[in-house]
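Student: Here you go, this is entry_17.cif (mmCIF, C-alpha atoms).
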data_final
#
loop_
_atom_site.label_atom_id
_atom_site.label_comp_id
_atom_site.auth_asym_id
_atom_site.auth_seq_id
_atom_site.Cartn_x
_atom_site.Cartn_y
_atom_site.Cartn_z
CA MET A 27 46.72 45.30 95.35
CA PRO A 28 47.71 47.51 92.38
CA THR A 29 44.36 48.44 90.87
CA SER A 30 44.76 52.14 90.16
CA SER A 31 45.87 53.30 86.74
CA ASN A 32 48.94 54.78 88.40
CA ASP A 33 49.94 51.43 89.92
CA ILE A 34 49.37 49.66 86.59
CA LYS A 35 51.44 52.24 84.74
CA TYR A 36 54.43 51.84 87.03
CA LEU A 37 54.14 48.06 87.23
CA ALA A 38 54.40 47.94 83.45
CA SER A 39 57.38 50.29 83.63
CA LEU A 40 59.20 48.09 86.16
CA SER A 41 58.67 44.99 84.03
CA CYS A 42 60.24 46.76 81.04
CA PHE A 43 63.62 46.37 82.74
CA GLN A 44 64.53 42.88 81.56
CA LYS A 45 66.49 41.94 84.68
CA PHE A 46 63.48 42.51 86.94
CA GLY A 47 62.16 38.98 86.61
CA PRO A 48 59.55 37.39 88.91
CA VAL A 49 61.94 37.01 91.88
CA ARG A 50 63.27 40.58 91.84
CA LEU A 51 59.86 42.06 91.09
CA LYS A 52 58.46 40.30 94.13
CA LYS A 53 61.21 41.80 96.30
CA LEU A 54 60.40 45.28 95.01
CA LEU A 55 56.64 44.95 95.46
CA ASN A 56 57.06 43.57 98.98
CA PHE A 57 59.48 46.29 100.06
CA PHE A 58 58.07 49.50 98.61
CA PRO A 59 54.61 50.92 99.39
CA ASN A 60 53.57 51.00 95.72
CA PRO A 61 54.96 50.41 92.21
CA GLU A 62 55.65 54.11 91.66
CA ALA A 63 57.95 54.20 94.69
CA SER A 64 59.75 51.12 93.37
CA PHE A 65 60.22 52.69 89.96
CA LYS A 66 61.50 56.01 91.34
CA ALA A 67 63.73 54.51 94.05
CA THR A 68 67.39 55.43 94.43
CA THR A 69 70.18 52.91 94.00
CA ASN A 70 70.55 52.58 97.79
CA GLU A 71 66.81 52.07 98.27
CA LEU A 72 66.77 49.38 95.60
CA MET A 73 69.66 47.63 97.32
CA GLN A 74 67.81 47.78 100.63
CA SER A 75 64.93 45.93 98.99
CA GLY A 76 67.28 43.08 98.08
CA ILE A 77 68.30 44.07 94.55
CA GLU A 78 71.98 43.45 93.78
CA GLU A 79 74.13 46.60 93.47
CA ASN A 80 75.06 46.08 89.81
CA ILE A 81 71.42 45.46 88.86
CA ALA A 82 70.26 48.51 90.81
CA LEU A 83 72.87 50.70 89.13
CA GLU A 84 71.94 49.41 85.69
CA PHE A 85 68.24 50.04 86.29
CA VAL A 86 68.78 53.59 87.51
CA SER A 87 70.95 54.36 84.47
CA THR A 88 68.42 52.96 81.96
CA ARG A 89 65.27 54.20 83.74
CA PRO A 90 65.05 57.51 81.79
CA GLN A 91 64.40 55.46 78.62
CA ILE A 92 61.20 54.02 80.11
CA ILE A 93 58.23 56.40 79.77
CA PRO A 94 55.31 55.25 81.99
CA GLU A 95 52.78 57.48 80.27
CA GLU A 96 53.61 56.05 76.84
CA LEU A 97 53.16 52.51 78.15
CA GLU A 98 49.82 53.45 79.67
CA GLU A 99 48.61 54.92 76.38
CA LYS A 100 49.67 51.87 74.39
CA MET A 101 47.97 49.48 76.79
CA ALA A 102 44.75 51.49 76.65
CA ARG A 103 44.92 51.64 72.86
CA GLU A 104 45.20 47.85 72.54
CA ASN A 105 42.90 46.88 75.46
CA ILE A 106 45.78 45.29 77.36
CA PHE A 107 45.38 44.76 81.10
CA ILE A 108 47.62 43.69 83.96
CA ILE A 109 46.95 41.24 86.78
CA THR A 110 49.11 40.39 89.82
CA PRO A 111 49.10 37.48 92.30
CA ASP A 112 47.18 39.42 94.96
CA ASN A 113 44.27 40.01 92.57
CA GLU A 114 41.32 37.67 93.12
CA LYS A 115 41.14 37.02 89.37
CA TYR A 116 44.75 35.78 89.21
CA PRO A 117 44.67 32.07 88.21
CA ARG A 118 44.65 29.94 91.37
CA LEU A 119 46.73 27.13 89.84
CA LEU A 120 49.46 29.59 88.89
CA THR A 121 49.85 30.76 92.51
CA GLU A 122 50.93 27.23 93.42
CA ILE A 123 54.08 27.07 91.27
CA PHE A 124 57.56 27.91 92.54
CA THR A 125 58.02 31.24 90.73
CA PRO A 126 54.61 32.57 89.67
CA PRO A 127 54.83 35.64 87.42
CA GLN A 128 54.42 38.81 89.46
CA ILE A 129 52.81 40.54 86.54
CA ILE A 130 50.71 39.11 83.71
CA TYR A 131 49.75 41.17 80.70
CA TYR A 132 46.52 39.94 79.19
CA LYS A 133 43.93 40.55 76.50
CA GLY A 134 40.56 38.91 76.97
CA ASN A 135 39.38 37.48 80.27
CA PHE A 136 40.22 35.06 83.03
CA GLU A 137 37.30 32.93 84.23
CA THR A 138 36.58 30.78 87.26
CA LYS A 139 36.39 27.64 85.15
CA ASP A 140 39.99 28.15 84.05
CA GLU A 141 40.99 26.17 87.12
CA PHE A 142 39.90 23.21 84.99
CA SER A 143 42.54 23.60 82.29
CA LEU A 144 44.72 21.22 80.32
CA ALA A 145 47.88 22.20 78.45
CA VAL A 146 48.22 20.71 74.97
CA VAL A 147 51.69 21.00 73.43
CA GLY A 148 53.82 19.39 70.77
CA THR A 149 56.03 19.71 67.74
CA ARG A 150 55.89 22.43 65.13
CA LYS A 151 56.22 19.79 62.36
CA PHE A 152 53.32 17.45 63.08
CA THR A 153 52.20 14.45 61.06
CA SER A 154 48.69 13.70 59.82
CA TYR A 155 48.41 11.34 62.79
CA GLY A 156 49.32 14.16 65.20
CA LYS A 157 46.76 16.45 63.59
CA GLN A 158 44.02 13.87 63.84
CA VAL A 159 44.81 13.03 67.47
CA THR A 160 45.03 16.68 68.55
CA GLU A 161 41.74 17.68 66.96
CA SER A 162 39.90 14.64 68.26
CA ILE A 163 41.12 14.80 71.87
CA VAL A 164 40.85 18.59 72.15
CA LYS A 165 37.27 18.68 70.88
CA ASN A 166 36.25 16.03 73.39
CA LEU A 167 38.01 17.87 76.21
CA VAL A 168 36.17 21.06 75.26
CA GLN A 169 32.85 19.22 75.25
CA ASN A 170 33.66 18.30 78.85
CA ASN A 171 34.20 21.98 79.76
CA LEU A 172 38.00 22.01 80.01
CA THR A 173 39.90 25.15 79.07
CA ILE A 174 42.76 24.42 76.64
CA VAL A 175 46.10 26.13 77.28
CA SER A 176 48.91 26.29 74.72
CA GLY A 177 51.61 28.58 73.35
CA LEU A 178 50.30 29.88 69.98
CA ALA A 179 53.37 28.39 68.26
CA PHE A 180 53.30 26.72 64.85
CA GLY A 181 52.19 23.11 64.81
CA ILE A 182 50.38 21.33 67.63
CA ASP A 183 49.84 24.59 69.57
CA THR A 184 48.00 26.17 66.65
CA LEU A 185 45.97 23.00 66.10
CA ALA A 186 44.98 22.90 69.78
CA HIS A 187 43.81 26.53 69.83
CA SER A 188 41.98 26.19 66.51
CA ALA A 189 40.26 22.92 67.46
CA THR A 190 39.07 24.54 70.71
CA LEU A 191 37.54 27.48 68.85
CA GLU A 192 35.88 25.18 66.32
CA ALA A 193 34.29 23.30 69.22
CA LYS A 194 33.08 26.61 70.72
CA GLY A 195 35.40 26.19 73.68
CA ARG A 196 37.67 28.41 75.70
CA THR A 197 41.42 28.61 75.15
CA ILE A 198 44.34 30.56 76.63
CA ALA A 199 47.46 31.36 74.61
CA VAL A 200 50.64 31.98 76.61
CA LEU A 201 53.26 33.93 74.67
CA GLY A 202 57.03 34.24 74.97
CA THR A 203 56.78 37.76 73.53
CA GLY A 204 54.81 40.90 74.27
CA ILE A 205 51.08 40.65 73.57
CA ASP A 206 50.82 43.92 71.67
CA ARG A 207 49.82 43.18 68.11
CA THR A 208 53.18 43.87 66.48
CA SER A 209 55.02 41.61 68.96
CA ILE A 210 52.84 38.49 68.60
CA TYR A 211 54.87 35.59 67.26
CA PRO A 212 54.56 33.91 64.87
CA THR A 213 53.09 36.84 62.95
CA SER A 214 50.93 34.48 60.93
CA ASN A 215 49.03 33.68 64.14
CA ARG A 216 47.99 37.27 64.88
CA TYR A 217 44.55 36.58 63.46
CA LEU A 218 44.27 33.44 65.61
CA ALA A 219 45.19 35.48 68.69
CA GLU A 220 42.49 38.01 67.87
CA LYS A 221 39.96 35.22 67.35
CA ILE A 222 40.84 33.66 70.72
CA ILE A 223 40.10 36.98 72.41
CA ALA A 224 36.91 37.59 70.41
CA GLU A 225 35.60 34.13 71.36
CA GLY A 226 36.02 34.83 75.09
CA GLY A 227 39.49 33.36 75.66
CA ALA A 228 42.70 35.09 76.64
CA VAL A 229 46.15 35.88 75.27
CA ILE A 230 48.68 36.40 78.07
CA SER A 231 52.38 36.97 78.74
CA GLU A 232 54.65 37.99 81.60
CA PHE A 233 56.85 39.85 79.11
CA PRO A 234 56.34 43.59 78.55
CA LEU A 235 54.96 45.21 75.43
CA GLY A 236 57.40 45.20 72.55
CA THR A 237 59.28 42.08 73.70
CA PRO A 238 60.61 40.20 70.63
CA PRO A 239 60.68 36.37 70.30
CA LEU A 240 64.00 35.77 72.04
CA LYS A 241 64.99 32.11 72.29
CA HIS A 242 65.49 32.03 76.07
CA HIS A 243 62.01 33.44 76.72
CA PHE A 244 60.20 30.31 75.60
CA PRO A 245 61.41 27.89 78.31
CA GLN A 246 60.47 30.60 80.83
CA ARG A 247 57.06 30.92 79.16
CA ASN A 248 56.54 27.15 79.29
CA ARG A 249 56.39 27.09 83.10
CA ILE A 250 53.28 29.28 82.83
CA ILE A 251 51.64 26.95 80.31
CA SER A 252 52.09 23.99 82.66
CA GLY A 253 51.43 26.10 85.75
CA LEU A 254 48.01 27.20 84.49
CA SER A 255 46.99 23.59 83.95
CA LEU A 256 46.01 20.53 85.94
CA GLY A 257 48.02 18.48 83.48
CA THR A 258 50.01 18.65 80.27
CA LEU A 259 49.33 16.54 77.18
CA VAL A 260 52.22 15.98 74.77
CA VAL A 261 50.95 14.83 71.37
CA GLU A 262 54.03 14.69 69.14
CA ALA A 263 57.50 15.96 70.01
CA GLY A 264 61.04 15.41 68.87
CA GLU A 265 63.85 14.41 71.21
CA LYS A 266 64.77 18.04 71.97
CA SER A 267 61.36 19.64 71.61
CA GLY A 268 60.27 22.56 73.77
CA ALA A 269 57.16 20.52 74.55
CA LEU A 270 59.35 18.24 76.66
CA ILE A 271 60.50 21.26 78.66
CA THR A 272 56.85 22.02 79.39
CA ALA A 273 56.28 18.40 80.42
CA ASN A 274 59.29 18.45 82.76
CA GLN A 275 58.10 21.68 84.32
CA ALA A 276 54.68 20.14 84.84
CA LEU A 277 56.34 17.30 86.76
CA GLU A 278 58.30 19.81 88.87
CA GLN A 279 55.01 21.57 89.63
CA ASN A 280 53.48 18.26 90.73
CA ARG A 281 51.06 18.23 87.80
CA GLU A 282 50.02 15.29 85.65
CA VAL A 283 51.78 14.54 82.37
CA PHE A 284 50.01 12.68 79.56
CA ALA A 285 51.52 11.49 76.30
CA VAL A 286 50.06 10.07 73.11
CA PRO A 287 51.91 6.90 72.03
CA GLY A 288 53.28 7.12 68.50
CA ASN A 289 54.99 5.20 65.73
CA ILE A 290 58.37 4.01 67.02
CA PHE A 291 59.94 4.88 63.66
CA SER A 292 58.66 8.48 63.64
CA PRO A 293 61.07 11.17 64.89
CA VAL A 294 58.15 13.18 66.34
CA SER A 295 57.11 10.20 68.46
CA ILE A 296 60.45 9.98 70.26
CA GLY A 297 59.38 12.60 72.82
CA PRO A 298 56.02 11.19 73.95
CA ASN A 299 57.27 7.58 73.81
CA LYS A 300 60.20 8.55 76.04
CA LEU A 301 57.88 10.32 78.48
CA ILE A 302 55.75 7.19 78.73
CA LYS A 303 58.85 5.14 79.57
CA LEU A 304 59.64 7.66 82.31
CA GLY A 305 56.19 7.37 83.86
CA ALA A 306 53.88 9.71 81.94
CA LYS A 307 50.39 8.31 81.45
CA ALA A 308 49.82 6.98 77.95
CA VAL A 309 46.46 8.19 76.64
CA THR A 310 44.48 7.69 73.47
CA SER A 311 41.31 9.61 74.35
CA ALA A 312 39.98 12.61 76.25
CA GLU A 313 38.03 10.27 78.53
CA GLU A 314 41.25 8.76 79.86
CA ILE A 315 42.55 12.23 80.74
CA ILE A 316 39.31 13.24 82.44
CA GLU A 317 39.25 10.03 84.49
CA ALA A 318 42.91 10.42 85.49
CA LEU A 319 42.25 13.98 86.68
CA ASN A 320 39.02 12.89 88.42
CA LEU A 321 37.01 15.48 86.49
CA THR A 322 33.94 13.43 85.62
CA GLN A 323 31.75 15.90 87.54
CA ILE A 324 33.35 19.03 86.12
CA LYS A 325 30.27 20.20 84.19
CA THR A 326 28.03 20.07 87.26
CA TYR A 327 30.67 21.84 89.36
CA ILE A 328 31.11 24.67 86.87
CA ASN A 329 27.37 25.16 86.49
CA ASN A 330 27.01 25.37 90.27
CA LYS A 331 29.67 28.10 90.43
CA GLU A 332 28.02 30.35 87.83
CA ILE A 333 26.85 33.66 89.24
CA ILE A 334 23.07 33.77 89.10
CA PRO A 335 21.30 37.12 88.62
CA GLU A 336 19.41 38.02 91.80
CA SER A 337 16.98 40.60 90.45
CA PRO A 338 15.04 41.29 87.24
CA ALA A 339 17.35 44.26 86.53
CA GLU A 340 20.47 42.12 86.90
CA GLU A 341 18.96 39.47 84.64
CA LYS A 342 18.18 42.01 81.93
CA ILE A 343 21.65 43.54 82.06
CA ILE A 344 23.61 40.28 82.15
CA THR A 345 21.85 39.00 79.03
CA LEU A 346 22.94 42.15 77.17
CA LEU A 347 26.61 41.94 78.11
CA SER A 348 29.37 39.83 76.59
CA HIS A 349 33.16 40.05 76.43
CA GLU A 350 32.83 42.99 74.04
CA PRO A 351 32.66 46.36 75.86
CA LYS A 352 29.27 48.06 75.90
CA HIS A 353 28.59 51.66 76.98
CA ILE A 354 26.09 52.32 79.74
CA ASN A 355 23.93 54.35 77.34
CA GLU A 356 23.53 51.26 75.14
CA ILE A 357 22.66 49.18 78.19
CA VAL A 358 20.00 51.71 79.24
CA ARG A 359 18.50 51.77 75.76
CA GLU A 360 18.49 48.01 75.22
CA SER A 361 17.31 47.05 78.70
CA ASN A 362 14.52 49.64 78.89
CA LEU A 363 15.67 50.42 82.43
CA ASP A 364 16.04 54.00 83.59
CA THR A 365 19.53 55.43 83.96
CA ALA A 366 19.52 55.49 87.77
CA THR A 367 18.43 51.83 88.03
CA THR A 368 20.96 50.76 85.42
CA ASN A 369 23.79 52.62 87.12
CA SER A 370 23.03 51.33 90.63
CA THR A 371 22.54 47.77 89.39
CA LEU A 372 25.86 47.84 87.51
CA VAL A 373 27.64 49.05 90.66
CA VAL A 374 26.21 46.11 92.64
CA MET A 375 27.01 43.66 89.85
CA GLU A 376 30.60 44.92 89.72
CA MET A 377 30.95 44.39 93.49
CA LYS A 378 29.72 40.81 93.01
CA GLY A 379 32.23 40.22 90.23
CA MET A 380 29.53 39.75 87.60
CA VAL A 381 30.63 42.66 85.41
CA ARG A 382 33.71 44.78 84.99
CA ASN A 383 33.92 48.51 84.33
CA LEU A 384 36.70 49.13 81.80
CA GLY A 385 36.54 52.88 82.31
CA GLY A 386 34.59 55.46 80.35
CA MET A 387 31.38 53.72 81.47
CA MET A 388 32.19 50.71 79.27
CA TYR A 389 31.17 47.34 80.72
CA ILE A 390 31.83 43.69 79.97
CA LYS A 391 30.59 40.39 81.40
CA ASN A 392 33.13 39.09 83.91
CA PHE A 393 32.47 35.32 83.81
#
Kindly return the structure encoded in the file as structure tokens.

Tutor:
Amino acid sequence: MPTSSNDIKYLASLSCFQKFGPVRLKKLLNFFPNPEASFKATTNELMQSGIEENIALEFVSTRPQIIPEELEEKMARENIFIITPDNEKYPRLLTEIFTPPQIIYYKGNFETKDEFSLAVVGTRKFTSYGKQVTESIVKNLVQNNLTIVSGLAFGIDTLAHSATLEAKGRTIAVLGTGIDRTSIYPTSNRYLAEKIIAEGGAVISEFPLGTPPLKHHFPQRNRIISGLSLGTLVVEAGEKSGALITANQALEQNREVFAVPGNIFSPVSIGPNKLIKLGAKAVTSAEEIIEALNLTQIKTYINNKEIIPESPAEEKIITLLSHEPKHINEIVRESNLDTATTNSTLVVMEMKGMVRNLGGMMYIKNF
């Protein structure tokens, strides 16, 4: 599993070549011993791995424009990380879809309870009814410990993320652009993205740093929104809305699709009303979604899966950590533990998955 900084650097470099999508990346990672070997391979070696000749030639000719060290520096500067399917933190639900992303860029954290997620999507031009429904259902879902997944777009997506944060819940934003600050789209939602991360959520993308909001990226992004979730809720959507693409992908992934019935004369109700005709479950409350997904015991299940500190030292340290990095010297000072005890306890806690060392002796809580 690519955990070294060298592996990460070359994984990011491979993904910068636009034609190395999830299928071709998987071929490369399965064939070569490590990402660096994939990146530095000759045309013939790339072809041996299953890459088409014209694609291999194009990559080799454009490769000099990709500078791994620059990518590494930018990721470190913006606290951007990479996760792959063979990493234990990679979302379990996402491994079950047909073409899971071979590389996910992320800011923030993935958590165990993310396996209890619901996607909430809809139109950019919502009505007052759509706003009221979204805020009401999302807040009730959050109170029942569901993670809310959406796409950070204008409209229902923004409402879903914002309502989750207001309810002190956890939300994941899946982008169709890079997740570096200057690439986040729409730009007016950069602050919302930062708030999602600060509140313990995550902003993720399979697209490399610097990727602009190209139209064809969003349908590809939508399979991740539905793939991360047990089900997809469509609130309001026009006849050709991208939310319907997400709903269709959810069906292809054998996930539940829910739709909020709307006014038959409203253009933004055409989408959900049509989905209901095609078999989506009509819902008017969070309780109906929770019952349909058989998640009435979710709170008890999540509480039982929490990692419990097993020593006084672990208990002291875990209460001091959050999703904001903290240096070991601060931990020593605030815990009143000696340096040796703090260091050895952190090593054990990292092995258990309770904390994560970000490098430079900076630690965060990992659940």

Student: Of the candidates A:Ala186, A:Ile123, A:Met73, A:Ile316, which shows the shortest atom-to-atom distance to Pro111 in chain A, using all atoms listed in the file?

Tutor: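 Using all atoms listed in the file, the shortest distance to Pro111 in chain A belongs to A:Ile123.
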
Student: Quick one: residues within 12 Å of Glu376 in chain A, all atoms listed in the file, excluding same-chain residues fewer than 3 positions away - as a PyMOL selection string?

Tutor: chain A and resi 333+340+343-344+369-373+379-384+389-393

Student: Exactly which residues make up the result of the PyMOL selection byres ((chain A and resi 259) around 8) on this file, given as a PyMOL selection string?

Tutor: chain A and resi 144-147+257-258+260-261+273+283-286

Student: What lies within 7 Å of Phe65 in chain A using only C-alpha atoms, ignoring chain neighbours under 2 positions off, as a CSV table (one decimal) with C-alpha atoms, in the frame of the given file?

Tutor:
chain,number,residue,atom,x,y,z
A,36,TYR,CA,54.4,51.8,87.0
A,40,LEU,CA,59.2,48.1,86.2
A,61,PRO,CA,55.0,50.4,92.2
A,62,GLU,CA,55.6,54.1,91.7
A,63,ALA,CA,58.0,54.2,94.7
A,67,ALA,CA,63.7,54.5,94.0

Student: Tell me which of A:Ile210, A:Leu218, A:Ile354, A:Ala263 sits closest to Gly236 in chain A, counting all atoms listed in the file.

Tutor: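 For Gly236 in chain A, the nearest of the candidates is A:Ile210.
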
Student: Can you pull out the residues contacting Ile129 in chain A? Cut-off 9 Å, using all atoms listed in the file, and skip same-chain residues under 3 positions away; I want them as a compact mmCIF listing (two decimals) with C-alpha atoms, keeping the file's coordinate frame.

Tutor:
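The file below, out.txt, is the result:
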# COMPACT_ATOMS: atom_id res chain seq x y z
CA LEU A 37 54.14 48.06 87.23
CA ALA A 38 54.40 47.94 83.45
CA SER A 41 58.67 44.99 84.03
CA PRO A 48 59.55 37.39 88.91
CA LEU A 51 59.86 42.06 91.09
CA ILE A 108 47.62 43.69 83.96
CA ILE A 109 46.95 41.24 86.78
CA THR A 110 49.11 40.39 89.82
CA PRO A 111 49.10 37.48 92.30
CA PRO A 126 54.61 32.57 89.67
CA SER A 231 52.38 36.97 78.74
CA GLU A 232 54.65 37.99 81.60
CA PHE A 233 56.85 39.85 79.11

Student: Report the distance between CA of Glu314 in chain A and CA of Ile174 in chain A in Å, rounded to one decimal place.

Tutor: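 If I compute the distance from CA of Glu314 in chain A to CA of Ile174 in chain A, I get 16.1 Å.
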
Student: Any idea what the distance is between CA of Gly195 in chain A and CA of Ile230 in chain A?

Tutor: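 About the pair CA of Gly195 in chain A and CA of Ile230 in chain A: they are 17.3 Å apart.
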
Student: Rounded to one decimal, what separation in Å do you get between CA of Tyr131 in chain A and CA of Asn80 in chain A?

Tutor: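 Separating CA of Tyr131 in chain A from CA of Asn80 in chain A is a distance of 27.3 Å.
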
Student: What's around Arg359 in chain A at 12 Å? Count all atoms listed in the file, leave out sequence neighbours fewer than 6 positions away in its own chain, and write the answer as a CSV table (one decimal) with C-alpha atoms, keeping the file's coordinate frame.

Tutor:
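The result, stored in out32.csv:
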chain,number,residue,atom,x,y,z
A,342,LYS,CA,18.2,42.0,81.9
A,343,ILE,CA,21.6,43.5,82.1
A,346,LEU,CA,22.9,42.2,77.2
A,352,LYS,CA,29.3,48.1,75.9
A,353,HIS,CA,28.6,51.7,77.0
A,365,THR,CA,19.5,55.4,84.0
A,368,THR,CA,21.0,50.8,85.4

Student: Taking the file as shown, what set of residues would the PyMOL selection byres ((chain A and resi 52) around 10) give back, as an NGL selection string?

Tutor: :A and (46-51 or 53-57 or 75 or 111 or 125-129)

Student: Please, can range 350-362 of chain A be completed to N, CA and C atoms and returned as a PDB file, in the frame of the given file?

Tutor:
ATOM      1  N   GLU A 350      32.595  41.771  74.805  1.00  0.00           N
ATOM      2  CA  GLU A 350      32.830  42.990  74.040  1.00  0.00           C
ATOM      3  C   GLU A 350      32.303  44.175  74.839  1.00  0.00           C
ATOM      4  N   PRO A 351      33.100  45.229  75.039  1.00  0.00           N
ATOM      5  CA  PRO A 351      32.660  46.360  75.860  1.00  0.00           C
ATOM      6  C   PRO A 351      31.381  47.004  75.331  1.00  0.00           C
ATOM      7  N   LYS A 352      30.524  47.398  76.265  1.00  0.00           N
ATOM      8  CA  LYS A 352      29.270  48.060  75.900  1.00  0.00           C
ATOM      9  C   LYS A 352      29.092  49.279  76.811  1.00  0.00           C
ATOM     10  N   HIS A 353      28.762  50.428  76.213  1.00  0.00           N
ATOM     11  CA  HIS A 353      28.590  51.660  76.980  1.00  0.00           C
ATOM     12  C   HIS A 353      27.281  51.631  77.757  1.00  0.00           C
ATOM     13  N   ILE A 354      27.273  52.315  78.896  1.00  0.00           N
ATOM     14  CA  ILE A 354      26.090  52.320  79.740  1.00  0.00           C
ATOM     15  C   ILE A 354      24.859  52.866  79.010  1.00  0.00           C
ATOM     16  N   ASN A 355      25.067  53.794  78.086  1.00  0.00           N
ATOM     17  CA  ASN A 355      23.930  54.350  77.340  1.00  0.00           C
ATOM     18  C   ASN A 355      23.260  53.267  76.479  1.00  0.00           C
ATOM     19  N   GLU A 356      24.081  52.385  75.907  1.00  0.00           N
ATOM     20  CA  GLU A 356      23.530  51.260  75.140  1.00  0.00           C
ATOM     21  C   GLU A 356      22.755  50.316  76.051  1.00  0.00           C
ATOM     22  N   ILE A 357      23.308  50.080  77.235  1.00  0.00           N
ATOM     23  CA  ILE A 357      22.660  49.180  78.190  1.00  0.00           C
ATOM     24  C   ILE A 357      21.297  49.740  78.611  1.00  0.00           C
ATOM     25  N   VAL A 358      21.256  51.051  78.867  1.00  0.00           N
ATOM     26  CA  VAL A 358      20.000  51.710  79.240  1.00  0.00           C
ATOM     27  C   VAL A 358      18.970  51.555  78.127  1.00  0.00           C
ATOM     28  N   ARG A 359      19.413  51.831  76.902  1.00  0.00           N
ATOM     29  CA  ARG A 359      18.500  51.770  75.760  1.00  0.00           C
ATOM     30  C   ARG A 359      17.984  50.352  75.507  1.00  0.00           C
ATOM     31  N   GLU A 360      18.874  49.380  75.555  1.00  0.00           N
ATOM     32  CA  GLU A 360      18.490  48.010  75.220  1.00  0.00           C
ATOM     33  C   GLU A 360      17.735  47.300  76.331  1.00  0.00           C
ATOM     34  N   SER A 361      17.973  47.714  77.574  1.00  0.00           N
ATOM     35  CA  SER A 361      17.310  47.050  78.700  1.00  0.00           C
ATOM     36  C   SER A 361      15.963  47.657  79.050  1.00  0.00           C
ATOM     37  N   ASN A 362      15.727  48.893  78.534  1.00  0.00           N
ATOM     38  CA  ASN A 362      14.520  49.640  78.890  1.00  0.00           C
ATOM     39  C   ASN A 362      14.440  49.970  80.379  1.00  0.00           C
TER      40      ASN A 362
END
